[in-house]
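The structure appears right after this line, and notes come after that.
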Amino acid sequence: MTMHADLRATGTRPGARRRLLVGPLGPSLVEAAGRWCRALGDEAGLDAQDRYRLELCVEELSTNLVKYSGEACVGSRVELQASFEAQRLQLRCVDRCAPFDPLAAPPPQAAQRLDELKVGGQGLHLLRTFSDACRYAHRDGCNRLTLVFELAQPPAIDLGLAPAALAATAPIFRGVPEGTLEPLLAGLPVLDVFAELRLLQRGDANHAVLLVLQGMLHVYLDQPGAEDFLEVAAGECVGEMSVIDEQPVSAHVFATAGTRLLLIDGRSFLERLLAVPRVARNLMSAMAERMRRSDRLSIRRTRQLLALEQTRRELAFAHDIQASLLPAEPLLAGDARLDCVGRMRPARDVGGDFYDLFFLDHRHLLFVIADVCGKGLPAALFMVRAIAALRAQPRQAVQAELLLPALVSSLNEQLIAYNAARQFITAFCGVLDLQSHRLQYVNAGHNPPLVAPAGQPFAYLQEPISPLVGMVPGLRYRGGELQLAPGSTLLLYTDGVTEAEDAGRRMFGEVRLLQGLQPLARASASRLVDAVFAEVDAFAGGAPQSDDITVLAIRSTGR
Amino acid sequence: MKVAVDQPRTVRRIALDGRLDAEGVKQGEADFNAAVAAGPNVIVDLSKVQFIASLGIRMLVAASQEQSRIGGKLVLVGPDEMTMRILKTTGIDQLLPVRGTLDEALALF
């Protein structure tokens, strides 16, 4: 939908005075059309009867259009064009609704009784009766209904002078000798936009310069509706570049409601207005200013892009650093007694999950999986702190079974200190004795891990659960114990797994995790980790990952 | 002995002032309808109506139908020349009594 065809169609004819009303089809049309044609009557100095006829026809035309046009063309462009020539007014309504010839409808039958009267059919009948001639045509996808009024007295022909006076305040006409403009501008159509409307679309051919007489145009260099746009205020114009170089329009131009424009067709602009030296110079100044404005806009945008690019690079770098903080693959340097695989997939560039495992001595393996509250950079920074604090903990205890609770308590105290953002972690820590196959663990508010003792199915390790780490000082953490055998498997994960959502916002859940893993109680650690990620991804079905997902599988090989 | 009691008929005059176009009807229709429905027999005074279009006609026709329903009558009075032309064009003058003056209108009750 473009202005192009219409602007050409409304090109000036010598002696004609034109007024246009343009806007989207909708309930506001009727009121706007009424106001527009009353102003027109005043401006042209129509006598009372002609004014009444015009207002009646415009009212019937517009109510009829709004009422019977159907849903499909609400918002489509409607134009009312008034053209005064000698002692005749020609009123044309152009709409883009389904073809409908109002003149083809038979005149309503005279009703015999009150209850038989069909008021609906009266509007078109009034149109025909109160205009002096009507024509209908369907052309270029538009209904064009033309009404002719032979006026009782000649219209005030200085209709063209009022816009000339307004236009004379425009920067493009600054300093032009008095009396030069009036003959050049007289007869150019004046267009009123009653509700927001796209006037020009990028890529369209353009044949007219639009000079803003009042109101405002918005010019979108990028996408319509984007935050960046140029405002074109009263006195300024658009379309002059495409008229000069005959290239397609380079931007989207919208008019705000209540905008009044002077339509300067390309020929009048190039041959008559630009022939005035002062106008040519003013235009060049205006273009230079516009170019500077648009340069500033693009410089600002480039800066923002560069800053964004910088942030992206830094985040990618942070991602690599974070990955390098996790224990190196193969875990435990491929110790034959164990088969361990860990994987973290952050929701953003960096995440707040982590895992760690190392030998306390030749037979005791300490392992941890943890989840920092939140995600993204704040969580990642806290993760760095937590993993550093964990690795700095004393690794020996007077009694081996006191080691884990003491370690978690100490970690708790350290994370509470200097924690203005009140971040915290959930963690599952365990120590597996590779000789006795005894597992000691502390669960600090973390998801229960899955355990498959040798040859048995997976089950959740539910008890005991202690408070999370980093919130409340002075906590004593309680440990649990489980006797395992060679060939047992532990699967630890963060809530990114069980709380993964599908498109319908259902959660993956613990039941689905357990069911999916049950056939894999004897599978290798890497198969287990692959299986969990595959199940979660299949479930999410492309729904965006909202939290970090981490899985750590530990299997004793019995060797 | 014969007893005859004449109850003087009450006729209310509803005066409209302004434009009976889409906007004017939207503004005044509810008040007008309420006034019409308040009781039988009304004179609708159009002498201060400067403009009427089909939505205005529809409002007057609906009012007249309402009057018939409640056993009353609606008479239009005082349209200007253009308004009268529109009443004629739409055939309303054949269906509703239209009079030039209030006295002529009152004589119909």
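Residues are named by chain letter and number: chains run A, B, ... in the order of the structure tokens, numbers start at 1 in each chain, and ligands are numbered from 1 in the order shown.
All residues of protein, DNA or RNA that reach within 6 Å of range 5-22 of chain B, judged by only C-alpha atoms and not counting those fewer than 5 positions away in the chain, are Asn41, Val42, Ile43, Val44, Asp45, Leu46, Lys48, Val49, Gln50, Phe51, Ile52, Ala53 and Gly56 of chain B.
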- Query: What residues in chain B have any atom no more than 6 Å from chain A when counting only C-alpha atoms, and can you write them as a PyMOL selection string?
  - Reply: chain B and resi 53-54+58+95
- From the set A:Thr180, A:Thr489, A:Gln423, A:Gln440, which residue has the shortest atom-to-atom contact distance to Leu404 in chain A, counting only C-alpha atoms? A:Gln440
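Taking only C-alpha atoms, the non-local environment of Arg38 in chain A within 9 Å (same-chain residues fewer than 3 positions away omitted) comprises Ala33, Gly34, Arg35, Gly41, Asp42, Glu43, Arg51, Leu54 and Glu55 of chain A.
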Output N, CA and C atoms for every residue in that selection, as a JSON list (two decimals), in the first residue's frame.
```json
[["chain", "number", "residue", "atom", "x", "y", "z"],
["A", 33, "ALA", "N", -13.96, 13.05, 8.91],
["A", 33, "ALA", "CA", -14.45, 13.48, 7.61],
["A", 33, "ALA", "C", -15.42, 14.65, 7.78],
["A", 34, "GLY", "N", -16.24, 14.58, 8.83],
["A", 34, "GLY", "CA", -17.18, 15.65, 9.11],
["A", 34, "GLY", "C", -16.45, 16.96, 9.39],
["A", 35, "ARG", "N", -15.44, 16.87, 10.25],
["A", 35, "ARG", "CA", -14.68, 18.06, 10.60],
["A", 35, "ARG", "C", -13.99, 18.64, 9.37],
["A", 41, "GLY", "N", -15.83, 23.79, 3.79],
["A", 41, "GLY", "CA", -16.93, 24.70, 3.49],
["A", 41, "GLY", "C", -16.60, 26.12, 3.91],
["A", 42, "ASP", "N", -15.98, 26.24, 5.11],
["A", 42, "ASP", "CA", -15.59, 27.57, 5.59],
["A", 42, "ASP", "C", -14.57, 28.19, 4.65],
["A", 43, "GLU", "N", -13.55, 27.38, 4.34],
["A", 43, "GLU", "CA", -12.42, 27.88, 3.57],
["A", 43, "GLU", "C", -12.87, 28.33, 2.18],
["A", 51, "ARG", "N", -23.15, 23.79, 1.43],
["A", 51, "ARG", "CA", -22.44, 23.26, 2.57],
["A", 51, "ARG", "C", -23.20, 22.06, 3.16],
["A", 54, "LEU", "N", -22.89, 19.04, 0.90],
["A", 54, "LEU", "CA", -21.55, 18.44, 0.98],
["A", 54, "LEU", "C", -21.41, 17.65, 2.29],
["A", 55, "GLU", "N", -21.82, 18.29, 3.39],
["A", 55, "GLU", "CA", -21.68, 17.62, 4.69],
["A", 55, "GLU", "C", -22.54, 16.36, 4.75]]
```
- Task: as a PyMOL selection string, please: all residues of chain B that backbone DSSP puts in helix (DSSP H, G or I).
- Result: chain B and resi 22-37+54-69+81-89+92-95+102-106
Produce a file of the selected residues containing C-alpha atoms, as an mmCIF file, in the first residue's frame.
```cif
data_model
loop_
_atom_site.group_PDB
_atom_site.id
_atom_site.type_symbol
_atom_site.label_atom_id
_atom_site.label_comp_id
_atom_site.auth_asym_id
_atom_site.auth_seq_id
_atom_site.Cartn_x
_atom_site.Cartn_y
_atom_site.Cartn_z
ATOM 1 C CA ALA B 22 -23.192 10.496 13.515
ATOM 2 C CA GLU B 23 -21.454 12.440 16.240
ATOM 3 C CA GLY B 24 -24.533 14.305 17.438
ATOM 4 C CA VAL B 25 -26.650 11.147 17.541
ATOM 5 C CA LYS B 26 -23.960 9.337 19.477
ATOM 6 C CA GLN B 27 -23.954 12.125 22.052
ATOM 7 C CA GLY B 28 -27.679 12.701 22.453
ATOM 8 C CA GLU B 29 -29.433 9.482 21.502
ATOM 9 C CA ALA B 30 -29.660 7.973 24.981
ATOM 10 C CA ASP B 31 -31.221 11.129 26.502
ATOM 11 C CA PHE B 32 -33.575 11.505 23.586
ATOM 12 C CA ASN B 33 -34.737 7.892 23.744
ATOM 13 C CA ALA B 34 -35.335 8.156 27.476
ATOM 14 C CA ALA B 35 -37.428 11.311 26.966
ATOM 15 C CA VAL B 36 -39.468 9.598 24.246
ATOM 16 C CA ALA B 37 -40.070 6.471 26.314
ATOM 17 C CA SER B 54 -29.540 9.153 7.960
ATOM 18 C CA LEU B 55 -28.443 8.262 11.488
ATOM 19 C CA GLY B 56 -30.601 11.144 12.737
ATOM 20 C CA ILE B 57 -33.522 9.917 10.620
ATOM 21 C CA ARG B 58 -33.084 6.460 12.077
ATOM 22 C CA MET B 59 -33.257 7.894 15.586
ATOM 23 C CA LEU B 60 -36.513 9.754 14.813
ATOM 24 C CA VAL B 61 -38.082 6.686 13.176
ATOM 25 C CA ALA B 62 -37.152 4.479 16.130
ATOM 26 C CA ALA B 63 -38.694 7.079 18.457
ATOM 27 C CA SER B 64 -41.900 7.111 16.468
ATOM 28 C CA GLN B 65 -42.069 3.317 16.573
ATOM 29 C CA GLU B 66 -41.580 3.467 20.339
ATOM 30 C CA GLN B 67 -44.472 5.942 20.619
ATOM 31 C CA SER B 68 -46.786 3.600 18.679
ATOM 32 C CA ARG B 69 -45.764 0.784 20.990
ATOM 33 C CA GLU B 81 -35.866 23.875 4.397
ATOM 34 C CA MET B 82 -32.921 21.509 3.917
ATOM 35 C CA THR B 83 -33.993 19.227 6.737
ATOM 36 C CA MET B 84 -37.471 19.102 5.188
ATOM 37 C CA ARG B 85 -35.913 18.162 1.846
ATOM 38 C CA ILE B 86 -34.147 15.270 3.520
ATOM 39 C CA LEU B 87 -37.346 14.158 5.265
ATOM 40 C CA LYS B 88 -39.044 14.188 1.878
ATOM 41 C CA THR B 89 -36.212 12.399 0.095
ATOM 42 C CA ILE B 92 -40.275 10.165 6.305
ATOM 43 C CA ASP B 93 -42.813 12.939 5.729
ATOM 44 C CA GLN B 94 -45.223 10.271 4.429
ATOM 45 C CA LEU B 95 -44.889 8.198 7.570
ATOM 46 C CA LEU B 102 -46.209 24.114 17.380
ATOM 47 C CA ASP B 103 -49.927 25.034 17.180
ATOM 48 C CA GLU B 104 -50.346 23.010 13.999
ATOM 49 C CA ALA B 105 -48.617 20.127 15.684
ATOM 50 C CA LEU B 106 -50.738 20.373 18.848
#
```
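All residues of protein, DNA or RNA that reach within 8 Å of Pro97 in chain B, judged by only C-alpha atoms and not counting those fewer than 5 positions away in the chain, are B:Leu74, B:Val75, B:Leu76.
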- Query: DSSP on the backbone: what in range 175-276 of chain A comes out strand (DSSP E), as a ChimeraX atom specification?
  - Reply: /A:190-193,197-200,208-214,216-220,230-233,237-238,252-255,259-265
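Taking CA of Leu513 in chain A and CA of Ala525 in chain A as endpoints, the distance between them is 15.4 Å.
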